[in-house]
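Engineer: This is the structure, below, for whatever I ask next.
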Amino acid sequence: MTYIAKPRLHHPSLVKNKAGFTRRDYEGAVSTLCAGCGHDSISAAIIQACYELDILPHQVAKLSGIGCSSKAPTYFVGASHGFNTVHGRMPSVMTGANLANRDLIYMGVSGDGDSASIGLGQFAHVMRRGVNMTYIVMNNGVYGLTKGQFSATADKGSISKKGVANSDSSIDMVSLAILMGATFVGRSFSGDKHQLVPLIKAAMDHKGAAFLDVISPCVAFNNHAGSTKSYDYVREHNEALNRIDFIETREEITTSYDPGTTKIVQQHDGSILRLRKLGEDYDPSDKVSAMKRIQEGMHAGEVVTGLLYVDPTPSDLHANLNTVDAPLNTLNAPDLCPGTSALDKINASLR
Amino acid sequence: MPQAIAAVNDFVVKFANVNGSGSASANELFARSILRMGVPVSPRNIFPSNIQGLPTWYEVRVTEKGYLGRRGGVDMMVAMNPQTWAEDVKEITPGGYLFYDSTKPMPSSMFREDINVIGVPLTAITNATYSDARQRQLFKNIIYVGALSVLLDIDEKEIQRLFGEQFKGKEKLIDSNVKAMNLGRDWVKQHVDPDLVKLKVRHADNVGDRIFVEGNSAAALGAVYGGATVCAWYPITPSSSLAEAFQSHCKKFRHDKETGKAKYAIVQAEDELASIGMVIGAAWNGARSFTATSGPGISLMTEFIGLAYFAEVPAVLVNVQRGGPSTGMPTRTQQSDLLGCAYASNGDTKHVLLFPEDPRECFEFTADALDLADRLQTPVFVMTDLDIGMNHRLCKPFAWDENRVLDRGKVMTAEDLEAGKTFGRYLDVDGDGIPFRTYPGTHPTKGSYFTRGTTKDEFARYSEEGPVYVRNMERLQKKWETAKKIAPQPLRYSSPKPTRFGVIYFGSTSPAMDEALDHLEAEGHHVNALRVRSFPFAQSVEDFIHEHDRVFIVEQNRDAQLRTMLLSEYTLDARKIVPVLHYDGTPITARFIATDIATKLGQFKVVSFDKAAS
């Protein structure tokens, strides 16, 4: 069913962005996920973020693994190429794709089963390599497609729909991403688009490994009493550290702010992340305090959300490998093949 | 005492050393000096899965006739490892020679009556000259090369010339090595009867313009010439030196002259799953990419190989085969991954395999594999092995056509799409089973599609409908037929006389097979030969089998894997194709092949066809 496209006709009054596209140009096929699935809200947030960033839709490459979340790339930015890879291995495919063409915008979409269980190894390594990407885990703590088994992010003591308590410790994806070297780490809730859309925009603009853990309740298998990833539970326990305003490089910064309640982070390319603090003083550019705050939140039973950590001057895999500016996939024989006279010399050296 | 073995330019010297003692470069110097005299040599490393301390051997076949396969038997043992003394001494052919370090007196029970013994007090000579421990270790090796050069009549000028090339611009090093060599030479001249050793090297002219190189380095160079820009790999014996050679070739040839930036990316992945994932991701996005691995790595990559087959993404895998199954014999050679690669992954899958015979074909086939993978949009395996990959082998020089372009296969461009060409990612427009693809980011509104491992229709739309699925699978089968025509074709060698017998072989068996055919011919056994160079098999392979009453299939594995593939691809009488199998981890020898085939031919000749076959 996922091939059903939405009607192409747009209402003439739809507003075009600077790239000349309407919001609907960033949509994809009709979702086949369950009605009310948090993943669809995240897809909508991605669509909104791409539209607001004036991205050319075909300049996005969407990669995913296997699972409900990994079906989501079909439902946004339909004009871009997508690759639904194998279970838990999207990070390696995205790494290779990124090496081939550094100019595209890489969006990795995965789930908690895909990234925290079968794919935990590749998740860790894609972060430590600093692949320039936005990696979103649609985290519902449950295996939806196979009907309700616990995933590795399910909290200890959380009750499944069948009434079974989870006895294993949960894996906290944001802590792991920070430890592994991701340079932009945030957490949000699929039901909070005011927080989520700017976070996605900022992540996409970040020139390094950006990771977003988005709690996304599973309406079919993990939205009941006793679940710690249901809409009600997350709404009650959401401890938002900040609200982010993302200001692109090219926009003139005119907004006034109150220094006492706002934290400004300027990214490498000049874009501004303005964090409106909620509650306590929090510095997302300090890795140690980020880890501390996350751990404190876990201890208190809170889901700490917002921009948790950002390195404003990240490096990425291409910088580390010192690759040429031109995408590798555009190089041809004259650039790549040393030719016959070089070969003659090689032959001579082997005699 | 049997007669001392006497031979000119036709003998085997085996060095028994301790791993990590610096013997490798001295032994290679020995082999190269003979090569420089115009006499072909074929050296082989026999080494443990170890860094330091365990025994290692280096076997050099000196062969004026140019038989580069392993011969078997040892005419002279250079016994430098006390640990393996007993077995090393035992291995010497009666009438052969034992060269050893005689610094410490040894009881006569440690020797054999039927061999000739040359004791040189290597340690004593070394210690009298050098005080530094490291120098002592390295120069002791050079001293024995010097000693051997006198015993075997190796031209000292050639050794000096090699020092000059190796240490160009470092005169001190040249002088010190020449000095060490002369220490060995002088001692032997003063103390050993010049007629004792009757194995001699004489100048000849049988090397020509051939080069002396390891298959792994050659394959890596093929990847450079073939335009690979992304290499993702995970260290595994015996393939690691391939990725490392790619790195060093790229350092030399692939940096922008002005900016110094790299026109390649090499990632040492966290495991083989990730390395093949990166290769597939890069190829999906339009870069030429490859990985180098060995059998256990292929096992790990299997899921991704199925994805690349079904989603039709190019990928090149160089499999430097080693002894299996499982961890098997990591430092021994086999051709035992054929079935594992040919049919890797779940469901109906089959993959293109190329079988290089030597470093020259490792170079050629790796470059070809990059073209074929792009052309066929499928994984292509270069099936080399440890014997080719990690040994220096004399082979024809590398060749490259200056006008050769990279065949990127069927790729639809933004202009094509703009001009209104129909794009169906899995639509067979040319009747060869190969559809067009687009690279991500090609066109703002046209040509995007979703790549997936699930079934889909001609326009890449998900579908589990039976007819849609069957159509796609039939098209993949058509593509398979196309592959038969464009992969490297088999080479036929005909016996001078008509014969009912044929032999099929492939890969590193080549040098031993060439020699075995000469032996068989000399004994009056006429056999036609066909060297298979790729899978799927070309039509000429089937024709060859039908032309003969009996066809021997020579392989270096237990289960006759190529034979199994022949039986699966063709409708054949299984009794007609006879396995000849060598799989103990050592490279196959001409002696083994010729003896096995001659024995079987004898059996066939005494009884009728049907009786023999039943």
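Identifiers for the structure tokens are assigned positionally: chains receive A, B, ... in sequence, residues are indexed from 1 per chain, and ligands are indexed from 1 in the order shown.
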Residues of chain B within 7 Å of chain A, using only C-alpha atoms, as an mmCIF file with C-alpha atoms, in the first residue's frame?

Structural biologist:
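Below is the file that was written, result38.cif:
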data_model
loop_
_atom_site.group_PDB
_atom_site.id
_atom_site.type_symbol
_atom_site.label_atom_id
_atom_site.label_comp_id
_atom_site.auth_asym_id
_atom_site.auth_seq_id
_atom_site.Cartn_x
_atom_site.Cartn_y
_atom_site.Cartn_z
ATOM 1 C CA ARG B 210 57.767 -10.254 -16.292
ATOM 2 C CA ILE B 211 57.116 -8.617 -12.937
ATOM 3 C CA PHE B 212 57.374 -10.072 -9.440
ATOM 4 C CA VAL B 213 54.483 -8.994 -7.254
ATOM 5 C CA VAL B 224 42.956 2.308 -8.242
ATOM 6 C CA TYR B 225 43.026 1.978 -12.041
ATOM 7 C CA GLY B 226 39.410 0.834 -12.090
ATOM 8 C CA GLY B 227 38.377 4.080 -10.410
ATOM 9 C CA THR B 229 36.907 5.837 -4.658
ATOM 10 C CA PHE B 253 48.336 8.526 -7.021
ATOM 11 C CA ARG B 254 45.162 9.965 -5.596
ATOM 12 C CA LYS B 261 43.191 16.442 -0.624
ATOM 13 C CA ALA B 262 42.251 12.822 -1.165
ATOM 14 C CA LYS B 263 40.303 11.557 -4.169
ATOM 15 C CA TYR B 264 39.334 8.479 -2.217
ATOM 16 C CA ALA B 265 37.960 7.456 1.139
ATOM 17 C CA ALA B 274 29.492 -2.507 8.198
ATOM 18 C CA GLY B 277 27.082 -1.823 4.060
ATOM 19 C CA MET B 278 29.359 1.123 3.318
ATOM 20 C CA VAL B 279 30.309 -0.341 -0.054
ATOM 21 C CA ILE B 280 26.642 -0.703 -0.970
ATOM 22 C CA GLY B 281 25.751 2.778 0.309
ATOM 23 C CA ALA B 282 28.564 4.349 -1.698
ATOM 24 C CA TRP B 284 24.018 3.272 -4.499
ATOM 25 C CA ASN B 285 25.097 6.885 -4.432
ATOM 26 C CA GLY B 286 27.219 6.536 -7.562
ATOM 27 C CA ALA B 287 30.755 5.997 -6.270
ATOM 28 C CA PRO B 397 53.502 -6.959 -16.570
ATOM 29 C CA PHE B 398 50.372 -4.948 -15.820
ATOM 30 C CA TRP B 400 46.266 -0.663 -19.331
ATOM 31 C CA GLU B 402 45.130 4.570 -22.227
ATOM 32 C CA VAL B 405 36.878 4.724 -19.873
ATOM 33 C CA LEU B 406 35.089 3.691 -16.721
ATOM 34 C CA PRO B 440 20.324 10.353 -5.669
ATOM 35 C CA GLY B 441 20.079 14.120 -6.167
ATOM 36 C CA HIS B 443 16.706 15.942 -10.715
ATOM 37 C CA PRO B 444 14.378 18.126 -8.604
ATOM 38 C CA THR B 445 11.165 16.409 -9.644
ATOM 39 C CA SER B 448 13.626 9.590 -7.529
ATOM 40 C CA TYR B 449 12.663 6.169 -6.273
ATOM 41 C CA PHE B 450 12.818 4.023 -3.179
ATOM 42 C CA THR B 451 15.475 1.337 -2.953
ATOM 43 C CA ARG B 452 14.472 -1.660 -0.892
ATOM 44 C CA GLY B 453 15.044 -5.325 -0.294
ATOM 45 C CA ARG B 461 6.727 0.436 -6.178
ATOM 46 C CA TYR B 462 6.304 -2.106 -3.387
#

Engineer: I need the strand (DSSP E) residues of segment 354-579 of chain B per DSSP on the backbone, written as a ChimeraX atom specification.

Structural biologist: /B:354,379-385,392-395,450-452,491-493,501-505,528-531,534-535,550-555,577-579

Engineer: Those same residues, written as a compact mmCIF listing (two decimals), in the first residue's frame with C-alpha atoms?

Structural biologist:
# COMPACT_ATOMS: atom_id res chain seq x y z
CA LEU B 354 35.79 -13.90 -11.34
CA PRO B 379 27.68 -7.76 -6.54
CA VAL B 380 30.79 -9.07 -8.28
CA PHE B 381 33.32 -11.24 -6.44
CA VAL B 382 37.00 -11.44 -7.31
CA MET B 383 37.90 -14.92 -6.06
CA THR B 384 41.58 -14.85 -5.37
CA ASP B 385 43.28 -16.82 -2.58
CA HIS B 392 55.31 -12.84 -4.80
CA ARG B 393 54.50 -14.36 -8.15
CA LEU B 394 56.23 -13.87 -11.46
CA CYS B 395 53.68 -12.75 -14.02
CA PHE B 450 12.82 4.02 -3.18
CA THR B 451 15.47 1.34 -2.95
CA ARG B 452 14.47 -1.66 -0.89
CA LEU B 491 40.65 -20.00 -22.12
CA ARG B 492 41.22 -23.29 -23.90
CA TYR B 493 44.50 -25.16 -24.27
CA PHE B 501 39.73 -36.36 -22.12
CA GLY B 502 39.49 -32.86 -20.83
CA VAL B 503 40.32 -30.98 -17.66
CA ILE B 504 38.70 -27.87 -16.21
CA TYR B 505 40.52 -25.75 -13.64
CA ASN B 528 42.59 -30.81 -23.45
CA ALA B 529 42.30 -28.08 -20.85
CA LEU B 530 39.87 -25.26 -20.16
CA ARG B 531 40.56 -22.54 -17.62
CA SER B 534 34.16 -16.48 -14.39
CA PHE B 535 30.78 -17.59 -13.15
CA ARG B 550 35.53 -37.56 -19.34
CA VAL B 551 36.33 -34.17 -17.89
CA PHE B 552 38.44 -33.80 -14.76
CA ILE B 553 37.56 -30.85 -12.53
CA VAL B 554 40.60 -29.77 -10.56
CA GLU B 555 39.85 -27.82 -7.39
CA ILE B 577 32.83 -35.05 -14.68
CA VAL B 578 35.45 -36.40 -12.36
CA PRO B 579 36.70 -34.46 -9.33

Engineer: Show me, as a Markdown table, the residues of segment 286-307 of chain A having an atom within 12 Å of segment 208-225 of chain A, each with the closest atom pair and its distance in Å, using only C-alpha atoms.

Structural biologist:
| residue | atom | partner | partner_atom | distance |
| --- | --- | --- | --- | --- |
| A:Val303 | CA | A:Ile215 | CA | 9.1 |
| A:Val304 | CA | A:Ile215 | CA | 10.8 |
| A:Thr305 | CA | A:Val214 | CA | 9.0 |
| A:Gly306 | CA | A:Leu212 | CA | 9.5 |
| A:Leu307 | CA | A:Leu212 | CA | 8.9 |

Engineer: Please list as a list in words every residue within 6 Å of segment 196-202 of chain B, counting only C-alpha atoms and excluding residues in the same chain fewer than 6 positions away.

Structural biologist: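 So, after excluding close chain neighbours, the residues are Ala6, Ala7, Val8, Asn9, Leu152, Asp153 and Ile154 of chain B.
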
Engineer: Just to confirm, what's the straight-line distance from atom CA of Gly389 of chain B to atom CA of Phe304 of chain B in Å (one decimal)?

Structural biologist: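 Atom CA of Gly389 of chain B sits 24.8 Å away from atom CA of Phe304 of chain B.
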
Engineer: Need to verify the contact set: Asn17 of chain A, 9 Å, only C-alpha atoms, exclusion of same-chain residues closer than 6 positions in sequence. Can you return it as a list of chain:residue names?

Structural biologist: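 Residues near the query, excluding close chain neighbours: A:Arg23, A:Tyr51, A:Glu52, A:Leu53, A:Asp54.
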
Engineer: Can you tell me which residues surround Met106 of chain B at a distance of at most 12 Å, considering only C-alpha atoms, apart from same-chain residues fewer than 6 positions away, and format the answer as number ranges by chain?

Structural biologist: B: 82, 85, 100, 117, 119, 121

Engineer: Could you pull out the helix (DSSP H, G or I) residues of segment 144-339 of chain A, going by DSSP on the backbone, and write them as a ChimeraX atom specification?

Structural biologist: /A:173-180,193-205,231-237,287-300,317-321,328-330,333-336,339

Engineer: Save out the residues we just selected, C-alpha atoms, as a short mmCIF file (atom, residue, chain, number, x, y, z; two decimals), in the first residue's frame.

Structural biologist:
data_model
loop_
_atom_site.label_atom_id
_atom_site.label_comp_id
_atom_site.auth_asym_id
_atom_site.auth_seq_id
_atom_site.Cartn_x
_atom_site.Cartn_y
_atom_site.Cartn_z
CA MET A 173 20.08 6.48 23.27
CA VAL A 174 20.95 10.10 23.97
CA SER A 175 23.55 9.19 26.61
CA LEU A 176 25.03 6.64 24.26
CA ALA A 177 25.17 9.09 21.36
CA ILE A 178 26.97 11.68 23.48
CA LEU A 179 29.43 9.10 24.77
CA MET A 180 30.12 7.86 21.26
CA LYS A 193 5.97 19.82 17.33
CA HIS A 194 6.90 23.25 18.72
CA GLN A 195 9.97 21.69 20.24
CA LEU A 196 10.56 19.06 17.55
CA VAL A 197 10.50 21.10 14.32
CA PRO A 198 13.23 23.58 15.36
CA LEU A 199 15.30 20.69 16.74
CA ILE A 200 15.13 18.88 13.38
CA LYS A 201 16.02 22.08 11.53
CA ALA A 202 19.01 22.70 13.76
CA ALA A 203 20.11 19.08 13.44
CA MET A 204 19.91 19.23 9.66
CA ASP A 205 21.99 22.37 9.64
CA TYR A 231 1.23 9.70 25.32
CA ASP A 232 -0.05 10.23 28.83
CA TYR A 233 3.12 9.10 30.56
CA VAL A 234 5.44 11.17 28.41
CA ARG A 235 3.28 14.27 28.69
CA GLU A 236 3.25 13.93 32.46
CA HIS A 237 6.98 13.23 32.80
CA LYS A 287 29.25 17.49 27.66
CA VAL A 288 29.81 16.71 31.32
CA SER A 289 26.83 18.68 32.56
CA ALA A 290 24.71 17.24 29.76
CA MET A 291 25.46 13.71 30.90
CA LYS A 292 24.84 14.69 34.49
CA ARG A 293 21.47 16.27 33.75
CA ILE A 294 20.33 13.29 31.69
CA GLN A 295 21.30 10.87 34.44
CA GLU A 296 19.57 13.02 37.08
CA GLY A 297 16.46 13.06 34.95
CA MET A 298 16.48 9.30 34.58
CA HIS A 299 16.90 8.93 38.32
CA ALA A 300 13.92 11.22 38.93
CA LEU A 317 34.14 12.18 8.44
CA HIS A 318 35.10 13.99 5.22
CA ALA A 319 37.19 16.48 7.17
CA ASN A 320 38.84 13.62 9.04
CA LEU A 321 39.64 11.83 5.79
CA LEU A 328 33.67 11.42 -5.00
CA ASN A 329 30.90 10.17 -7.27
CA THR A 330 31.61 12.98 -9.73
CA ALA A 333 38.95 8.40 -15.12
CA PRO A 334 41.25 11.45 -15.54
CA ASP A 335 41.03 12.09 -11.78
CA LEU A 336 41.21 8.50 -10.71
CA GLY A 339 47.47 6.03 -16.64
#

Engineer: I'd like the interatomic distance between atom CA of Ala483 of chain B and atom CA of Gly433 of chain B, to a tenth of an Å.

Structural biologist: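 Calculated distance between atom CA of Ala483 of chain B and atom CA of Gly433 of chain B is 9.9 Å.
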
Engineer: Give me the residues within 12 Å of Ile51 of chain B as a list of chain:residue names, counting only C-alpha atoms and dropping any in the same chain fewer than 2 places off.

Structural biologist: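 These residues fall inside the cut-off: B:Val18, B:Asn19, B:Gly20, B:Ser21, B:Gly22, B:Phe47, B:Pro48, B:Ser49, B:Gly53, B:Leu54, B:Pro55, B:Thr56.
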
Engineer: Please produce an output containing C-alpha atoms for each residue in the selection, written as a CSV table (one decimal), in the first residue's frame.

Structural biologist:
chain,number,residue,atom,x,y,z
B,18,VAL,CA,61.2,-17.9,13.5
B,19,ASN,CA,58.3,-15.5,12.9
B,20,GLY,CA,59.3,-11.9,13.5
B,21,SER,CA,63.1,-12.5,13.2
B,22,GLY,CA,63.5,-10.3,10.1
B,47,PHE,CA,53.4,-18.9,8.0
B,48,PRO,CA,51.4,-19.3,11.2
B,49,SER,CA,48.6,-17.1,12.5
B,53,GLY,CA,57.8,-16.6,17.9
B,54,LEU,CA,56.1,-19.3,16.0
B,55,PRO,CA,57.8,-21.1,13.1
B,56,THR,CA,57.5,-19.8,9.6
